[in-house]
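Everything below concerns the one structure shown next.
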Amino acid sequence: MTEINLKVNGKNVNTTAHILLPNLLTELGLNPRLIAVEYNGEILHRQFWDTTQLHDGDYLEVVTIVGGG
């Protein structure tokens, strides 16, 4: 399989198989320093991002952190 299908914030996203989470975030134009990621229903701590390989059918919720005052 050369492509996988993911759900990101409820939308279908096709990407290359064996992609790591940081690469997907870059592909989607997201700044990893300003987001939090829920992976298949669980908050994924940043320390695990570099080793998280995505699989067909996975779902992500990506939340942008907004500062204010």
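Following the order of the structure tokens, chains are lettered A, B, ..., residues in each are numbered from 1, and ligands are numbered from 1.
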
Task: For stretch 48-50 of chain A: contacts at 10 Å, only C-alpha atoms, fewer than 2 positions along chain excluded, given as a list in words - done: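 Using only C-alpha atoms, the neighbours found are Leu20, Leu21, Pro22, Asn23, Pro32, Val37, Leu44, His45, Arg46, Thr52 and Gln53 of chain A.
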
Selection export as a PDB file, in the first residue's frame, atoms kept: C-alpha atoms:
ATOM      1  CA  LEU A  20       5.405   9.835  10.788  1.00  0.00           C
ATOM      2  CA  LEU A  21       3.203  12.324  12.626  1.00  0.00           C
ATOM      3  CA  PRO A  22       5.575  15.328  12.351  1.00  0.00           C
ATOM      4  CA  ASN A  23       5.803  14.816   8.577  1.00  0.00           C
ATOM      5  CA  PRO A  32       4.009  21.709  15.567  1.00  0.00           C
ATOM      6  CA  VAL A  37      -2.802  16.291  18.923  1.00  0.00           C
ATOM      7  CA  LEU A  44      -0.575  12.181  22.317  1.00  0.00           C
ATOM      8  CA  HIS A  45       2.245  13.696  24.339  1.00  0.00           C
ATOM      9  CA  ARG A  46       4.771  15.574  22.258  1.00  0.00           C
ATOM     10  CA  THR A  52       4.318   7.781  15.920  1.00  0.00           C
ATOM     11  CA  GLN A  53       3.782   6.161  12.539  1.00  0.00           C
TER      12      GLN A  53
END

- [ ] From a DSSP pass on the backbone, collect the residues of chain A flagged as helix (DSSP H, G or I) and hand them back as an NGL selection string.
- [x] :A and (21-27 or 32-34 or 46-51)

Task: A:Leu60 environment, 8 Å, only C-alpha atoms, sequence neighbours closer than 5 positions dropped, as number ranges by chain - done: A: 6-9, 37-41

Residue selection dump (C-alpha atoms) as a tab-separated table (two decimals), in the first residue's frame:
chain	number	residue	atom	x	y	z
A	6	LEU	CA	-6.78	9.25	7.71
A	7	LYS	CA	-9.38	11.47	9.32
A	8	VAL	CA	-8.01	14.79	10.50
A	9	ASN	CA	-10.53	16.98	12.33
A	37	VAL	CA	-2.80	16.29	18.92
A	38	GLU	CA	-5.36	13.69	19.89
A	39	TYR	CA	-4.51	10.36	18.23
A	40	ASN	CA	-7.26	7.74	18.00
A	41	GLY	CA	-9.05	9.26	20.97

Task: strand (DSSP E) positions in chain A, given as a PyMOL selection string - done: chain A and resi 3-8+11-16+35-39+42-43+59-64

Output for the residues just chosen: N, CA and C atoms as a tab-separated table (two decimals), in the first residue's frame:
chain	number	residue	atom	x	y	z
A	3	GLU	N	-0.50	4.47	-0.20
A	3	GLU	CA	-1.25	5.57	0.40
A	3	GLU	C	-2.13	5.04	1.51
A	4	ILE	N	-2.37	5.91	2.49
A	4	ILE	CA	-3.31	5.59	3.55
A	4	ILE	C	-4.33	6.71	3.65
A	5	ASN	N	-5.48	6.39	4.24
A	5	ASN	CA	-6.54	7.36	4.43
A	5	ASN	C	-6.70	7.60	5.93
A	6	LEU	N	-6.62	8.85	6.32
A	6	LEU	CA	-6.78	9.25	7.71
A	6	LEU	C	-7.95	10.20	7.83
A	7	LYS	N	-8.43	10.39	9.04
A	7	LYS	CA	-9.38	11.47	9.32
A	7	LYS	C	-8.64	12.48	10.19
A	8	VAL	N	-8.63	13.71	9.74
A	8	VAL	CA	-8.01	14.79	10.50
A	8	VAL	C	-9.08	15.85	10.71
A	11	LYS	N	-12.14	15.33	8.58
A	11	LYS	CA	-12.02	15.34	7.11
A	11	LYS	C	-11.09	14.24	6.66
A	12	ASN	N	-11.41	13.61	5.54
A	12	ASN	CA	-10.55	12.58	4.97
A	12	ASN	C	-9.28	13.21	4.41
A	13	VAL	N	-8.16	12.58	4.73
A	13	VAL	CA	-6.86	13.02	4.23
A	13	VAL	C	-6.14	11.79	3.70
A	14	ASN	N	-5.67	11.86	2.47
A	14	ASN	CA	-4.84	10.80	1.90
A	14	ASN	C	-3.39	11.23	1.98
A	15	THR	N	-2.55	10.31	2.40
A	15	THR	CA	-1.13	10.61	2.50
A	15	THR	C	-0.33	9.34	2.24
A	16	THR	N	0.98	9.46	2.22
A	16	THR	CA	1.83	8.30	1.94
A	16	THR	C	1.84	7.34	3.13
A	35	ILE	N	0.36	23.45	18.38
A	35	ILE	CA	-0.79	22.56	18.33
A	35	ILE	C	-0.70	21.47	19.40
A	36	ALA	N	-1.86	20.88	19.65
A	36	ALA	CA	-1.97	19.67	20.47
A	36	ALA	C	-2.64	18.62	19.58
A	37	VAL	N	-2.29	17.35	19.78
A	37	VAL	CA	-2.80	16.29	18.92
A	37	VAL	C	-3.46	15.21	19.76
A	38	GLU	N	-4.68	14.86	19.34
A	38	GLU	CA	-5.36	13.69	19.89
A	38	GLU	C	-5.28	12.62	18.81
A	39	TYR	N	-4.76	11.45	19.17
A	39	TYR	CA	-4.51	10.36	18.23
A	39	TYR	C	-5.38	9.17	18.60
A	42	GLU	N	-6.90	9.55	22.09
A	42	GLU	CA	-6.02	9.79	23.23
A	42	GLU	C	-5.12	10.98	22.94
A	43	ILE	N	-4.94	11.84	23.95
A	43	ILE	CA	-3.98	12.94	23.80
A	43	ILE	C	-2.60	12.31	23.63
A	59	TYR	N	-7.40	8.28	13.22
A	59	TYR	CA	-8.05	9.58	13.23
A	59	TYR	C	-7.35	10.51	14.21
A	60	LEU	N	-7.23	11.75	13.79
A	60	LEU	CA	-6.55	12.77	14.56
A	60	LEU	C	-7.45	13.96	14.77
A	61	GLU	N	-7.36	14.54	15.94
A	61	GLU	CA	-7.96	15.85	16.19
A	61	GLU	C	-6.78	16.76	16.50
A	62	VAL	N	-6.65	17.80	15.72
A	62	VAL	CA	-5.54	18.73	15.89
A	62	VAL	C	-6.12	20.07	16.35
A	63	VAL	N	-5.63	20.53	17.49
A	63	VAL	CA	-6.13	21.76	18.08
A	63	VAL	C	-5.01	22.78	18.10
A	64	THR	N	-5.30	23.98	17.59
A	64	THR	CA	-4.33	25.06	17.61
A	64	THR	C	-4.39	25.77	18.94

TODO: Work out how far atom CA of A:Thr26 is from atom CA of A:His55, in Å to one decimal.
DONE: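 Computing the Euclidean distance for atom CA of A:His55 and atom CA of A:Thr26 yields 17.0 Å.
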